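Undergrad: Sharing a structure below in structure tokens format, with a few things to ask.
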Amino acid sequence: MMLKSIICHLALFGLGSARVQFLGMSIAGGEFGCQIDGSCPLGSTQLPLQSFKLGGGDGEGQMKHFATDDGMNLFRLPISWQFLVNNQLGSPLNTANLAKYDKLVQTCLATGAHCMIDIHNFARWNGGIIGQGGPTDEQFVSLWTQLATEYAASQNIVFELMNEPHDLDIPKWAATCQKVVTAIRSAGAKTQMILLPGSNFDSAATLVSGGSAAALMAITNPDGSTDNLVLDVHKYLDVDNSGTHAECITNNTGAFGEVATFLRQAERKGLVSETGAAPDGSACLARFCEQNSFINANSDVFVGLVSWAAGSFDTSYLLAQTPRFDGQKWVNNQLAADCVVDTWLKSSEVVPAPAPVASSSSAIVAVPTITSTSYLTGTRTISMTGTITTIEIQETSSAVIESSSTVLETDESQPTTILNAPALDIPTTVETTTNSAPIASMKSPAISNKYNTLQQAVL
Ligand SMILES: *[C@@H]1O[C@H](CO)[C@@H](O)[C@H](O)[C@H]1NC(C)=O
């Protein structure tokens with residue numbers, strides 16, 4: 001066996017399958033007590049930093065479970081503005097309270113997932129709308145400047161500017177968001193994803209028709225680009241989109257379809273950061289699964305799907321997707337298992353790979369196509385014609401490419417990742433073939449233990 005550093009680039013970029021890049025769960029509790037007028041009593045905050053054994057929300061156990069057993073790679077961590085500043089509007093972040101929230105954030109980051117900071121205030125503070133009679137834009141900018149400074153070095157942080165704005169002046173709100181985006185980038189968080197939330201509770205049904213989508217998509221980074229500025233999208237399946245009824249009356253394909261069409265025409269991306277249904281609700285199992293399959297099928301414009309909710313919610317909560325610990329392992333309820341995890345894992349529809357994009361540092365000499373995929377075993381076979389001379393691994397840390405005659409190891413110190421392409425976020429084994437003999441299997445170290453185990457079995 002020969003060891004060798006990977007030199008340059010293989011054109012795996014651009015492979016696409018019909019599922020979103022980021023699948024995740026809200027690990028709720030930091031927003032407990034928040035009302036839609038932006039009141040969030042401090043005493044109600046219940047960060048999921050407890051052990052389930054003590055009857056609390058075991059955010060750490062849940063996130064490890066979802067990441068390891070289900071391959072989830074994004075967790076949403078709601079928190080109230082009041083908690084972060086200890087109820088003192090305009091104050092610096094409260095050190096003690098930030099430390100508690102940060103514990104949850106670090107626990108999330110430790111799973112390897114992306115972690116979303118969600119200010120759960122409905123664009124308000126105690127009844128007053130930000131920049132529209134309530135807190136000033138400067139106070140809101142100050143909050144985000146401090147958070148961005150705190151997490152500037154963490155590439156896996158996602159900034160969700162605000163949960164569910166509603167009943168406000170949309171152009172003014174977009175102007176407020178522009179100031180925050182500029183502040184976040186200027187604080188050093190230059191490339192992290194920022195989610196831009198629209199009015200009417202960010203509803204997929206009205207984002208386009210109500211004007212939010214167009215107003216928010218005009219927001220730019222300081223350099224004029226719109227890189228990693230993503231439309232935030234929410235929607236429930238009950239009669240008034242409130243997520244408070246057990247009956248699911250729609251699969252929302254109309255609403256999400258409208259947003260998808262808008263994004264496609266605008267050449268932009270969206271992320272569904274909140275949706276959910278009642279595990280025991282009428283028609284919910286069918287319609288929630290249909291909805292999530294639809295979102296996955298539109299993964300060219302939807303980069304992620306985050307379900308509501310686990311964390312400090314008891315398993316009896318109307319929309320609970322809180323897993324249960326059976327003494328040995330975590331167990332998802334059927335809604336979470338079938339409609340969130342399985343619609344994603346089992347998505348086998350493969351869209352044609354776009355033409356590979358040539359890199360300046362290497363000639364692309366192989367055109368890969370997916371010949372088979374199994375998300376259940378975590379394997380994917382990719383066939384290539386031509387001569388493979390170069391492979392770019394874009395995961396940080398090591399990856400190993402094996403063949404019958406060659407083992408290529410990446411240099412762990414190199415920045416690296418090819419496998420962040422949407423299709424390849426759980427590519428535990430990539431078998432490639434050249435003209436003749438199979439030459440390579442590729443392991444990604446960023447995948448969960450479950451898949452590592454399966455993969456090693458496969459290898
Ligand atoms: C969503 O519901 C509509 C209306 O019942 C139905 O026609 C459509 O097939 C469903 N979509 C999916 C993805 O199942």
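Following the order of the structure tokens, first chain is A, next is B, and so on, with residues numbered from 1 inside each chain and ligands from 1 in the order they appear.
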Output as number ranges by chain all residues of region 130-287 of chain A that backbone DSSP marks as alpha helix (DSSP H).
TA: A: 137-151, 170-186, 199-202, 212-217, 253-266, 284-287
Undergrad: Can you tell me, as a list in words, what residues are no more than 8 Å from Ile170 (chain A) when counting only C-alpha atoms, ignoring any on the same chain fewer than 5 positions away?
TA: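 Surrounding residues, per the criterion: Gly198, Ser199, Gly211, Ser212 and Ala215 of chain A.
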Undergrad: Just asking: which residues within region 7-238 of chain A are strand (DSSP E) according to DSSP, as an MDAnalysis selection string?
TA: chainID A and resid 16:17 22:28 74:79 114:119 124:125 128:129 157:160 194:196 229:234
Undergrad: Write out as a list in words each polymer residue (protein, DNA or RNA) that has an atom no more than 9 Å from ligand 1, with only C-alpha atoms and all ligand atoms counted.
TA: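 The neighbouring residues of ligand 1 are, in order, Thr250, Asn251, Asn252, Thr253, Gly254, Ala286, Arg287, Cys289, Glu290, Gln291, Asn292, Ser293, Phe294, Ile295 and Ala297 of chain A.
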Undergrad: Give me the residues near region 122-131 of chain A as a ChimeraX atom specification, where near means some atom within 9 Å (using only C-alpha atoms) and where sequence neighbours in that chain fewer than 4 positions away do not count.
TA: /A:34-40,81-82,89,135-140,162-166,168,172-173,176,201
Undergrad: Report as JSON, numbers by chain all protein, DNA and RNA residues lying within 12 Å of His65 (chain A), evaluated on only C-alpha atoms, omitting residues in the same chain fewer than 4 positions from it.
TA: {"A": [24, 25, 58, 59, 60, 61, 69, 70, 71, 72, 73, 75, 108, 111, 113, 310, 322, 323, 324, 325, 328, 329, 330, 331, 332, 448, 449, 450]}
Undergrad: Could you dump the residues just selected with N, CA and C atoms as a PDB file, in the first residue's frame?
TA:
ATOM      1  N   GLY A  24     -32.282  19.064  10.728  1.00  0.00           N
ATOM      2  CA  GLY A  24     -32.068  19.328  12.140  1.00  0.00           C
ATOM      3  C   GLY A  24     -33.320  19.395  12.985  1.00  0.00           C
ATOM      4  N   MET A  25     -33.069  19.709  14.254  1.00  0.00           N
ATOM      5  CA  MET A  25     -34.127  19.754  15.262  1.00  0.00           C
ATOM      6  C   MET A  25     -33.939  21.005  16.104  1.00  0.00           C
ATOM      7  N   ASP A  58     -32.674  17.130  28.249  1.00  0.00           N
ATOM      8  CA  ASP A  58     -31.284  16.695  28.087  1.00  0.00           C
ATOM      9  C   ASP A  58     -30.814  17.058  26.680  1.00  0.00           C
ATOM     10  N   GLY A  59     -30.546  18.339  26.488  1.00  0.00           N
ATOM     11  CA  GLY A  59     -30.149  18.795  25.156  1.00  0.00           C
ATOM     12  C   GLY A  59     -28.920  18.082  24.644  1.00  0.00           C
ATOM     13  N   GLU A  60     -27.974  17.839  25.521  1.00  0.00           N
ATOM     14  CA  GLU A  60     -26.739  17.182  25.091  1.00  0.00           C
ATOM     15  C   GLU A  60     -27.013  15.753  24.613  1.00  0.00           C
ATOM     16  N   GLY A  61     -27.750  15.020  25.430  1.00  0.00           N
ATOM     17  CA  GLY A  61     -28.071  13.642  25.054  1.00  0.00           C
ATOM     18  C   GLY A  61     -28.866  13.589  23.756  1.00  0.00           C
ATOM     19  N   ASP A  69     -27.167   8.926  15.622  1.00  0.00           N
ATOM     20  CA  ASP A  69     -28.070   7.865  15.161  1.00  0.00           C
ATOM     21  C   ASP A  69     -28.818   8.239  13.884  1.00  0.00           C
ATOM     22  N   ASP A  70     -29.044   9.531  13.697  1.00  0.00           N
ATOM     23  CA  ASP A  70     -29.895   9.946  12.577  1.00  0.00           C
ATOM     24  C   ASP A  70     -29.163  10.786  11.536  1.00  0.00           C
ATOM     25  N   GLY A  71     -27.942  11.160  11.821  1.00  0.00           N
ATOM     26  CA  GLY A  71     -27.188  11.944  10.842  1.00  0.00           C
ATOM     27  C   GLY A  71     -27.558  13.418  10.789  1.00  0.00           C
ATOM     28  N   MET A  72     -28.336  13.891  11.786  1.00  0.00           N
ATOM     29  CA  MET A  72     -28.689  15.315  11.760  1.00  0.00           C
ATOM     30  C   MET A  72     -27.431  16.173  11.869  1.00  0.00           C
ATOM     31  N   ASN A  73     -27.482  17.317  11.206  1.00  0.00           N
ATOM     32  CA  ASN A  73     -26.285  18.160  11.154  1.00  0.00           C
ATOM     33  C   ASN A  73     -26.576  19.637  11.394  1.00  0.00           C
ATOM     34  N   PHE A  75     -28.665  22.075  14.521  1.00  0.00           N
ATOM     35  CA  PHE A  75     -29.573  22.224  15.658  1.00  0.00           C
ATOM     36  C   PHE A  75     -29.876  23.699  15.860  1.00  0.00           C
ATOM     37  N   CYS A 108     -23.614  21.746  21.315  1.00  0.00           N
ATOM     38  CA  CYS A 108     -24.065  21.533  19.935  1.00  0.00           C
ATOM     39  C   CYS A 108     -22.871  21.438  18.994  1.00  0.00           C
ATOM     40  N   THR A 111     -20.922  18.255  18.625  1.00  0.00           N
ATOM     41  CA  THR A 111     -21.450  17.131  17.840  1.00  0.00           C
ATOM     42  C   THR A 111     -20.975  17.193  16.398  1.00  0.00           C
ATOM     43  N   ALA A 113     -22.206  19.345  14.345  1.00  0.00           N
ATOM     44  CA  ALA A 113     -23.316  19.927  13.582  1.00  0.00           C
ATOM     45  C   ALA A 113     -23.164  21.442  13.450  1.00  0.00           C
ATOM     46  N   ALA A 310     -37.645  19.466  20.148  1.00  0.00           N
ATOM     47  CA  ALA A 310     -37.234  18.644  21.295  1.00  0.00           C
ATOM     48  C   ALA A 310     -36.707  19.612  22.360  1.00  0.00           C
ATOM     49  N   THR A 322     -39.427  15.189  20.998  1.00  0.00           N
ATOM     50  CA  THR A 322     -38.465  14.863  22.038  1.00  0.00           C
ATOM     51  C   THR A 322     -38.280  13.350  22.077  1.00  0.00           C
ATOM     52  N   PRO A 323     -37.068  12.890  21.891  1.00  0.00           N
ATOM     53  CA  PRO A 323     -36.865  11.442  21.950  1.00  0.00           C
ATOM     54  C   PRO A 323     -36.944  10.949  23.398  1.00  0.00           C
ATOM     55  N   ARG A 324     -37.261   9.699  23.526  1.00  0.00           N
ATOM     56  CA  ARG A 324     -37.411   9.062  24.829  1.00  0.00           C
ATOM     57  C   ARG A 324     -36.191   8.177  25.046  1.00  0.00           C
ATOM     58  N   PHE A 325     -35.688   8.175  26.274  1.00  0.00           N
ATOM     59  CA  PHE A 325     -34.570   7.277  26.585  1.00  0.00           C
ATOM     60  C   PHE A 325     -35.124   6.013  27.201  1.00  0.00           C
ATOM     61  N   GLN A 328     -31.455   2.304  27.518  1.00  0.00           N
ATOM     62  CA  GLN A 328     -30.233   1.954  26.791  1.00  0.00           C
ATOM     63  C   GLN A 328     -29.971   2.870  25.614  1.00  0.00           C
ATOM     64  N   LYS A 329     -31.044   3.299  25.004  1.00  0.00           N
ATOM     65  CA  LYS A 329     -30.862   4.151  23.818  1.00  0.00           C
ATOM     66  C   LYS A 329     -32.017   5.134  23.694  1.00  0.00           C
ATOM     67  N   TRP A 330     -31.768   6.160  22.888  1.00  0.00           N
ATOM     68  CA  TRP A 330     -32.809   7.143  22.607  1.00  0.00           C
ATOM     69  C   TRP A 330     -33.725   6.599  21.517  1.00  0.00           C
ATOM     70  N   VAL A 331     -35.019   6.884  21.660  1.00  0.00           N
ATOM     71  CA  VAL A 331     -35.998   6.409  20.687  1.00  0.00           C
ATOM     72  C   VAL A 331     -36.818   7.601  20.204  1.00  0.00           C
ATOM     73  N   ASN A 332     -36.870   7.813  18.916  1.00  0.00           N
ATOM     74  CA  ASN A 332     -37.690   8.891  18.349  1.00  0.00           C
ATOM     75  C   ASN A 332     -39.149   8.478  18.338  1.00  0.00           C
ATOM     76  N   SER A 448     -21.379  10.544  11.141  1.00  0.00           N
ATOM     77  CA  SER A 448     -21.651  10.096  12.498  1.00  0.00           C
ATOM     78  C   SER A 448     -21.089   8.696  12.743  1.00  0.00           C
ATOM     79  N   ASN A 449     -21.019   8.380  14.014  1.00  0.00           N
ATOM     80  CA  ASN A 449     -20.471   7.077  14.390  1.00  0.00           C
ATOM     81  C   ASN A 449     -21.238   5.924  13.777  1.00  0.00           C
ATOM     82  N   LYS A 450     -22.537   6.117  13.733  1.00  0.00           N
ATOM     83  CA  LYS A 450     -23.371   5.056  13.179  1.00  0.00           C
ATOM     84  C   LYS A 450     -22.904   4.720  11.766  1.00  0.00           C
TER      85      LYS A 450
END
Undergrad: One number please: CA of Leu319 (chain A) to CA of Pro279 (chain A), in Å, one decimal.
TA: 6.5 Å
Undergrad: What's the separation between CA of Leu237 (chain A) and CA of Ala277 (chain A), in Å to one decimal place?
TA: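 CA of Ala277 (chain A) lies 6.6 Å from CA of Leu237 (chain A).
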Undergrad: What is the CA of Leu42 (chain A) to CA of Gln88 (chain A) distance in Å?
TA: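 Interatomic distance here is 11.0 Å.
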Undergrad: Find the residues near Ser225 (chain A): any atom within 12 Å, counting only C-alpha atoms, skip ones fewer than 3 places away on the same chain, and give them as a list in words.
TA: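 Within the cut-off, the hits are Val181, Thr182, Arg185, Lys190, Thr191, Met217, Ala218, Ile219, Thr220, Asn221, Pro222, Asn228, Leu229 and Arg268 of chain A.
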Undergrad: Using only C-alpha atoms, determine which residues lie at most 8 Å from Ser80 (chain A), disregarding the query and same-chain residues fewer than 2 positions distant; provide the list as a VMD selection string.
TA: chain A and resid 30 to 31 34 40 45 78 82 to 84 119 to 121
Undergrad: Measuring atom to atom with only C-alpha atoms, identify which of A:Phe256, A:Phe32, A:Phe288, A:Phe52 is nearest to Thr315 (chain A).
TA: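 Answer, going by the shortest atom-to-atom distance: A:Phe52.
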Undergrad: Neighbours of Val20 (chain A) within 9 Å (only C-alpha atoms; same-chain residues fewer than 4 positions away dropped), as a ChimeraX atom specification?
TA: /A:295-305,344,422-423
Undergrad: Which residue is closest to Tyr151 (chain A)? Choose from A:Gln192, A:Asp167, A:Gln132, A:Lys179 and count only C-alpha atoms.
TA: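 Closest to Tyr151 (chain A) of all the choices is A:Gln192.
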